[in-house]
$ cat protein.cif   # mmCIF, C-alpha atoms
data_entry
#
loop_
_atom_site.label_atom_id
_atom_site.label_comp_id
_atom_site.auth_asym_id
_atom_site.auth_seq_id
_atom_site.Cartn_x
_atom_site.Cartn_y
_atom_site.Cartn_z
CA MET R 1 101.08 108.78 112.07
CA LYS R 2 102.09 105.30 110.99
CA THR R 3 105.46 104.93 109.29
CA LEU R 4 106.12 103.53 105.83
CA VAL R 5 107.19 100.23 107.41
CA ASP R 6 104.05 100.14 109.59
CA HIS R 7 101.75 100.61 106.59
CA LEU R 8 103.56 98.22 104.28
CA SER R 9 103.94 95.56 106.99
CA GLN R 10 100.25 95.66 107.83
CA TYR R 11 99.34 95.41 104.13
CA ALA R 12 101.96 92.72 103.46
CA ALA R 13 100.47 90.51 106.17
CA TYR R 14 97.52 89.97 103.78
CA HIS R 15 99.84 89.31 100.84
CA ARG R 16 102.30 86.50 101.49
CA ASP R 17 101.37 84.20 98.57
CA PRO R 18 103.49 84.98 95.48
CA ARG R 19 100.49 84.38 93.18
CA ASN R 20 98.49 86.98 95.08
CA ILE R 21 101.35 89.46 94.84
CA ALA R 22 101.63 88.74 91.10
CA THR R 23 97.92 89.48 90.57
CA HIS R 24 98.41 92.79 92.37
CA PHE R 25 101.04 93.81 89.79
CA VAL R 26 98.20 93.81 87.24
CA GLY R 27 95.04 94.43 89.24
CA ILE R 28 96.10 97.45 91.27
CA PRO R 29 97.49 99.46 88.32
CA LEU R 30 94.26 98.74 86.43
CA ILE R 31 92.18 99.99 89.36
CA VAL R 32 94.30 103.13 89.89
CA LEU R 33 94.16 103.96 86.19
CA ALA R 34 90.41 103.29 86.12
CA VAL R 35 89.83 105.64 89.05
CA ALA R 36 91.90 108.33 87.29
CA ILE R 37 89.80 107.84 84.16
CA LEU R 38 86.46 107.90 85.96
CA LEU R 39 87.35 110.91 88.10
CA SER R 40 88.66 112.93 85.14
CA ARG R 41 85.09 114.08 84.53
CA PRO R 42 83.86 116.62 85.29
CA GLY R 43 86.78 118.87 84.68
CA ALA R 44 87.80 122.23 83.34
CA GLU R 45 90.94 123.56 81.76
CA ILE R 46 92.34 126.45 83.77
CA ALA R 47 95.59 128.07 82.66
CA GLY R 48 96.43 125.00 80.59
CA LEU R 49 95.86 122.56 83.48
CA TRP R 50 92.94 120.12 83.56
CA ILE R 51 91.31 120.51 86.98
CA SER R 52 89.19 117.51 87.92
CA PRO R 53 88.35 115.32 90.90
CA ALA R 54 91.12 112.97 89.66
CA LEU R 55 93.71 115.73 90.04
CA LEU R 56 92.56 116.52 93.59
CA VAL R 57 92.64 112.84 94.64
CA ALA R 58 96.06 112.32 93.02
CA LEU R 59 97.48 115.41 94.76
CA GLY R 60 96.17 114.21 98.11
CA ALA R 61 97.61 110.72 97.55
CA ALA R 62 100.96 112.14 96.42
CA VAL R 63 101.22 114.26 99.58
CA PHE R 64 100.42 111.19 101.69
CA TYR R 65 103.07 109.09 99.91
CA LEU R 66 105.69 111.86 100.10
CA ARG R 67 105.12 112.20 103.84
CA LEU R 68 105.82 108.47 104.24
CA ASP R 69 108.96 108.38 102.09
CA ARG R 70 110.48 110.92 99.71
CA ALA R 71 111.88 108.44 97.16
CA LEU R 72 108.85 106.15 96.95
CA GLY R 73 106.54 109.16 97.24
CA GLY R 74 108.28 110.87 94.33
CA LEU R 75 107.96 107.75 92.20
CA MET R 76 104.30 107.42 93.16
CA ALA R 77 103.70 111.07 92.20
CA VAL R 78 105.20 110.42 88.75
CA LEU R 79 103.09 107.28 88.30
CA LEU R 80 99.96 109.12 89.42
CA GLY R 81 100.81 111.87 86.96
CA LEU R 82 100.91 109.29 84.16
CA CYS R 83 97.53 107.95 85.27
CA LEU R 84 96.13 111.50 85.24
CA TRP R 85 97.46 112.05 81.73
CA ALA R 86 95.78 108.83 80.52
CA GLY R 87 92.58 109.60 82.41
CA GLN R 88 92.35 113.06 80.90
CA ALA R 89 93.05 111.69 77.43
CA LEU R 90 90.08 109.35 77.74
CA ALA R 91 87.81 111.85 79.50
CA ILE R 92 87.65 114.04 76.39
CA HIS R 93 86.13 111.24 74.31
CA SER R 94 82.50 110.20 74.18
CA THR R 95 80.75 109.19 77.37
CA LEU R 96 80.60 105.60 76.09
CA THR R 97 84.37 105.48 75.50
CA TRP R 98 85.16 107.17 78.81
CA LEU R 99 82.85 104.93 80.84
CA GLY R 100 83.71 101.79 78.85
CA TRP R 101 87.41 102.10 79.58
CA GLY R 102 86.97 103.31 83.15
CA VAL R 103 84.38 100.78 84.29
CA GLY R 104 85.94 97.96 82.26
CA MET R 105 89.39 98.46 83.78
CA PHE R 106 87.92 98.90 87.27
CA VAL R 107 85.97 95.64 87.10
CA ALA R 108 88.85 93.72 85.50
CA GLY R 109 91.26 95.00 88.15
CA TRP R 110 89.01 93.89 91.01
CA VAL R 111 88.36 90.48 89.45
CA ILE R 112 92.14 89.96 89.23
CA GLN R 113 92.51 91.11 92.85
CA PHE R 114 89.92 88.65 94.12
CA VAL R 115 91.54 85.80 92.18
CA GLY R 116 94.77 86.65 94.00
CA HIS R 117 93.06 86.64 97.36
CA TYR R 118 91.53 83.26 96.53
CA TYR R 119 95.11 81.96 96.24
CA GLU R 120 96.03 83.81 99.43
CA GLY R 121 93.14 82.26 101.32
CA ARG R 122 92.55 85.59 102.99
CA LYS R 123 90.31 88.61 102.44
CA PRO R 124 91.80 91.84 101.03
CA ALA R 125 93.47 94.18 103.53
CA PHE R 126 91.03 97.05 102.93
CA VAL R 127 88.19 94.96 104.39
CA ASP R 128 89.77 95.36 107.84
CA ASP R 129 91.33 98.79 107.28
CA LEU R 130 90.28 101.18 104.52
CA SER R 131 93.81 102.61 104.41
CA GLY R 132 94.64 99.46 102.41
CA LEU R 133 93.06 101.20 99.42
CA ILE R 134 95.78 103.87 99.37
CA ILE R 135 98.58 101.56 100.54
CA GLY R 136 97.93 98.96 97.81
CA PRO R 137 99.53 100.99 95.00
CA LEU R 138 102.53 101.80 97.20
CA PHE R 139 102.86 98.10 98.08
CA VAL R 140 102.98 97.19 94.38
CA VAL R 141 105.72 99.75 93.70
CA ALA R 142 107.72 98.58 96.74
CA GLU R 143 107.32 94.91 95.74
CA MET R 144 108.46 95.71 92.20
CA GLY R 145 111.52 97.34 93.71
CA PHE R 146 112.16 94.19 95.74
CA VAL R 147 111.87 92.06 92.58
CA LEU R 148 114.48 94.34 90.96
CA GLY R 149 116.81 93.92 93.95
CA MET R 150 116.21 97.33 95.48
CA GLY R 151 115.05 98.24 98.99
CA LYS R 152 116.60 95.25 100.73
CA GLY R 153 116.53 96.99 104.12
CA LEU R 154 112.87 97.92 103.72
CA LYS R 155 112.06 94.36 102.65
CA ARG R 156 113.80 92.95 105.74
CA GLN R 157 111.86 95.31 108.01
CA ILE R 158 108.53 94.34 106.42
CA GLU R 159 109.30 90.62 106.59
CA ALA R 160 110.31 90.95 110.25
CA THR R 161 106.67 91.86 110.97
CA ALA R 162 104.64 90.22 108.19
CA GLY R 163 106.87 87.20 107.57
CA PRO R 164 108.46 86.17 104.30
CA VAL R 165 106.55 85.47 101.11
CA ARG R 166 105.41 81.85 101.33
CA PRO R 167 106.61 79.26 98.83
CA ARG R 168 104.14 78.96 95.98
CA GLY R 169 101.07 76.95 96.86
CA GLN R 170 101.69 76.85 100.63
CA SER R 171 98.40 77.72 102.26
CA VAL R 172 97.97 80.22 105.03
CA ALA R 173 97.45 78.83 108.52
CA HIS R 174 94.04 79.84 109.91
#
$ encode --input "protein.cif" --output "C-alpha cells"
Amino acid sequence: MKTLVDHLSQYAAYHRDPRNIATHFVGIPLIVLAVAILLSRPGAEIAGLWISPALLVALGAAVFYLRLDRALGGLMAVLLGLCLWAGQALAIHSTLTWLGWGVGMFVAGWVIQFVGHYYEGRKPAFVDDLSGLIIGPLFVVAEMGFVLGMGKGLKRQIEATAGPVRPRGQSVAH
C-alpha cells in the first residue's frame, strides 16, 4: 500500500500552481459535500442513525484516511461527518431542493476545479489515476495545514518528490 507521502506527492505533482491549489480549497469541498448530499438518498433511520449510501462511502473513505495517517485521518473523519450531517439535512427536503443543492454544488465544484487546472496547464490527477478522487480532499486538508504553518516535515517530503509550489503565473514545463 502506498504511504501518505506517496499519495500526496503523486497528487501534488499535478498541483504546483498556487492558483490551482486555491481553487481546490473551494472546489473540492463543494464536490465532497455535493456527493454527501446526493448519496444521502435513499436512506433509512435505524436506531437513530441515518443509514444511506453516503454513510457507507464516508466510512470507507475514513478507514482509508485513518490507515494512511491517524491525525489527518481523524480530521478527515470529522469533516466527512459534517458533510454527512449536511447531506442528511438536505435529503429530507423535497426532491427539487435535494437535487438542486446536490447537482448545483457538484457542477460548481467541478467548474472551479477545471479553472484551476487551466492555470496549472495540466489535466487533473484523477485522469491518470482514479485514486486522485479520494486523495483530493486529503490534499486540501494537508495544504490548509501547510498554510497554517503545520506539517512542515510532511510538506518537505512532498516537495522533495513533487517540487515546490511555483511562483504565481509561472507556467509548467511540458
$ residues_around --input "protein.cif" --residues "region 14-19 of chain R" --least-positions-apart "2" --cutoff "7 Å" --atoms "all atoms listed in the file" --output "PyMOL selection string"
chain R and resi 11-12+21-23+116+119-120+122+124-125+164-166+168
$ resolve_selection --input "protein.cif" --expression "the PyMOL selection byres ((chain R and resi 73) around 12)" --output "MDAnalysis selection string"
chainID R and resid 4 58:72 74:80 135 137:139 141:142
$ resolve_selection --input "protein.cif" --expression "the PyMOL selection byres ((chain R and resi 29-35) around 7)" --output "PDB file with C-alpha atoms, keeping the file's coordinate frame"
ATOM      1  CA  PHE R  25     101.040  93.810  89.790  1.00  0.00           C
ATOM      2  CA  VAL R  26      98.200  93.810  87.240  1.00  0.00           C
ATOM      3  CA  GLY R  27      95.040  94.430  89.240  1.00  0.00           C
ATOM      4  CA  ILE R  28      96.100  97.450  91.270  1.00  0.00           C
ATOM      5  CA  ALA R  36      91.900 108.330  87.290  1.00  0.00           C
ATOM      6  CA  ILE R  37      89.800 107.840  84.160  1.00  0.00           C
ATOM      7  CA  LEU R  38      86.460 107.900  85.960  1.00  0.00           C
ATOM      8  CA  LEU R  39      87.350 110.910  88.100  1.00  0.00           C
ATOM      9  CA  CYS R  83      97.530 107.950  85.270  1.00  0.00           C
ATOM     10  CA  GLY R  87      92.580 109.600  82.410  1.00  0.00           C
ATOM     11  CA  GLY R 102      86.970 103.310  83.150  1.00  0.00           C
ATOM     12  CA  VAL R 103      84.380 100.780  84.290  1.00  0.00           C
ATOM     13  CA  MET R 105      89.390  98.460  83.780  1.00  0.00           C
ATOM     14  CA  PHE R 106      87.920  98.900  87.270  1.00  0.00           C
ATOM     15  CA  GLY R 109      91.260  95.000  88.150  1.00  0.00           C
TER      16      GLY R 109
END
$ atom_distance --input "protein.cif" --atom1 "CA of Val5 (chain R)" --atom2 "CA of Lys123 (chain R)"
21.1 Å
$ atom_distance --input "protein.cif" --atom1 "CA of Leu55 (chain R)" --atom2 "CA of Ser40 (chain R)"
7.6 Å
$ atom_distance --input "protein.cif" --atom1 "CA of Gly132 (chain R)" --atom2 "CA of Met150 (chain R)"
22.8 Å
$ residues_around --input "protein.cif" --residues "Arg41 (chain R)" --least-positions-apart "3" --cutoff "10 Å" --atoms "all atoms listed in the file" --output "ChimeraX atom specification"
/R:36-38,44,50-54,87-88,90-92,95,98
$ resolve_selection --input "protein.cif" --expression "the PyMOL selection byres ((chain R and resi 158) around 10)" --output "ChimeraX atom specification"
/R:4-13,152-157,159-164
$ build_atoms --input "protein.cif" --residues "region 50-75 of chain R" --atoms "N, CA and C atoms" --output "mmCIF file, in the frame of the given file"
data_model
loop_
_atom_site.group_PDB
_atom_site.id
_atom_site.type_symbol
_atom_site.label_atom_id
_atom_site.label_comp_id
_atom_site.auth_asym_id
_atom_site.auth_seq_id
_atom_site.Cartn_x
_atom_site.Cartn_y
_atom_site.Cartn_z
ATOM 1 N N TRP R 50 94.255 120.736 83.435
ATOM 2 C CA TRP R 50 92.940 120.120 83.560
ATOM 3 C C TRP R 50 92.650 119.891 85.042
ATOM 4 N N ILE R 51 91.688 120.619 85.576
ATOM 5 C CA ILE R 51 91.310 120.510 86.980
ATOM 6 C C ILE R 51 90.098 119.586 87.066
ATOM 7 N N SER R 52 90.252 118.507 87.803
ATOM 8 C CA SER R 52 89.190 117.510 87.920
ATOM 9 C C SER R 52 89.281 116.852 89.292
ATOM 10 N N PRO R 53 88.254 116.078 89.647
ATOM 11 C CA PRO R 53 88.350 115.320 90.900
ATOM 12 C C PRO R 53 89.585 114.388 90.898
ATOM 13 N N ALA R 54 89.945 113.851 89.741
ATOM 14 C CA ALA R 54 91.120 112.970 89.660
ATOM 15 C C ALA R 54 92.384 113.704 90.086
ATOM 16 N N LEU R 55 92.533 114.944 89.664
ATOM 17 C CA LEU R 55 93.710 115.730 90.040
ATOM 18 C C LEU R 55 93.743 115.944 91.554
ATOM 19 N N LEU R 56 92.613 116.273 92.138
ATOM 20 C CA LEU R 56 92.560 116.520 93.590
ATOM 21 C C LEU R 56 92.891 115.256 94.387
ATOM 22 N N VAL R 57 92.350 114.118 93.957
ATOM 23 C CA VAL R 57 92.640 112.840 94.640
ATOM 24 C C VAL R 57 94.112 112.488 94.477
ATOM 25 N N ALA R 58 94.654 112.652 93.267
ATOM 26 C CA ALA R 58 96.060 112.320 93.020
ATOM 27 C C ALA R 58 96.990 113.222 93.841
ATOM 28 N N LEU R 59 96.670 114.509 93.937
ATOM 29 C CA LEU R 59 97.480 115.410 94.760
ATOM 30 C C LEU R 59 97.463 114.996 96.228
ATOM 31 N N GLY R 60 96.284 114.670 96.726
ATOM 32 C CA GLY R 60 96.170 114.210 98.110
ATOM 33 C C GLY R 60 96.966 112.932 98.348
ATOM 34 N N ALA R 61 96.862 111.976 97.417
ATOM 35 C CA ALA R 61 97.610 110.720 97.550
ATOM 36 C C ALA R 61 99.108 110.972 97.475
ATOM 37 N N ALA R 62 99.532 111.845 96.563
ATOM 38 C CA ALA R 62 100.960 112.140 96.420
ATOM 39 C C ALA R 62 101.521 112.755 97.708
ATOM 40 N N VAL R 63 100.775 113.660 98.312
ATOM 41 C CA VAL R 63 101.220 114.260 99.580
ATOM 42 C C VAL R 63 101.348 113.172 100.643
ATOM 43 N N PHE R 64 100.372 112.283 100.721
ATOM 44 C CA PHE R 64 100.420 111.190 101.690
ATOM 45 C C PHE R 64 101.669 110.326 101.473
ATOM 46 N N TYR R 65 101.913 109.937 100.223
ATOM 47 C CA TYR R 65 103.070 109.090 99.910
ATOM 48 C C TYR R 65 104.385 109.819 100.198
ATOM 49 N N LEU R 66 104.463 111.090 99.850
ATOM 50 C CA LEU R 66 105.690 111.860 100.100
ATOM 51 C C LEU R 66 105.972 112.011 101.587
ATOM 52 N N ARG R 67 104.919 112.110 102.395
ATOM 53 C CA ARG R 67 105.120 112.200 103.840
ATOM 54 C C ARG R 67 105.653 110.897 104.419
ATOM 55 N N LEU R 68 105.321 109.766 103.785
ATOM 56 C CA LEU R 68 105.820 108.470 104.240
ATOM 57 C C LEU R 68 107.274 108.249 103.846
ATOM 58 N N ASP R 69 107.610 108.620 102.591
ATOM 59 C CA ASP R 69 108.960 108.380 102.090
ATOM 60 C C ASP R 69 109.166 109.236 100.845
ATOM 61 N N ARG R 70 110.237 110.007 100.830
ATOM 62 C CA ARG R 70 110.480 110.920 99.710
ATOM 63 C C ARG R 70 110.710 110.176 98.383
ATOM 64 N N ALA R 71 111.554 109.149 98.411
ATOM 65 C CA ALA R 71 111.880 108.440 97.160
ATOM 66 C C ALA R 71 110.664 107.705 96.600
ATOM 67 N N LEU R 72 110.036 106.862 97.418
ATOM 68 C CA LEU R 72 108.850 106.150 96.950
ATOM 69 C C LEU R 72 107.704 107.121 96.660
ATOM 70 N N GLY R 73 107.575 108.153 97.470
ATOM 71 C CA GLY R 73 106.540 109.160 97.240
ATOM 72 C C GLY R 73 106.744 109.899 95.922
ATOM 73 N N GLY R 74 107.991 110.212 95.604
ATOM 74 C CA GLY R 74 108.280 110.870 94.330
ATOM 75 C C GLY R 74 107.944 109.971 93.149
ATOM 76 N N LEU R 75 108.295 108.697 93.263
ATOM 77 C CA LEU R 75 107.960 107.750 92.200
ATOM 78 C C LEU R 75 106.450 107.599 92.074
#
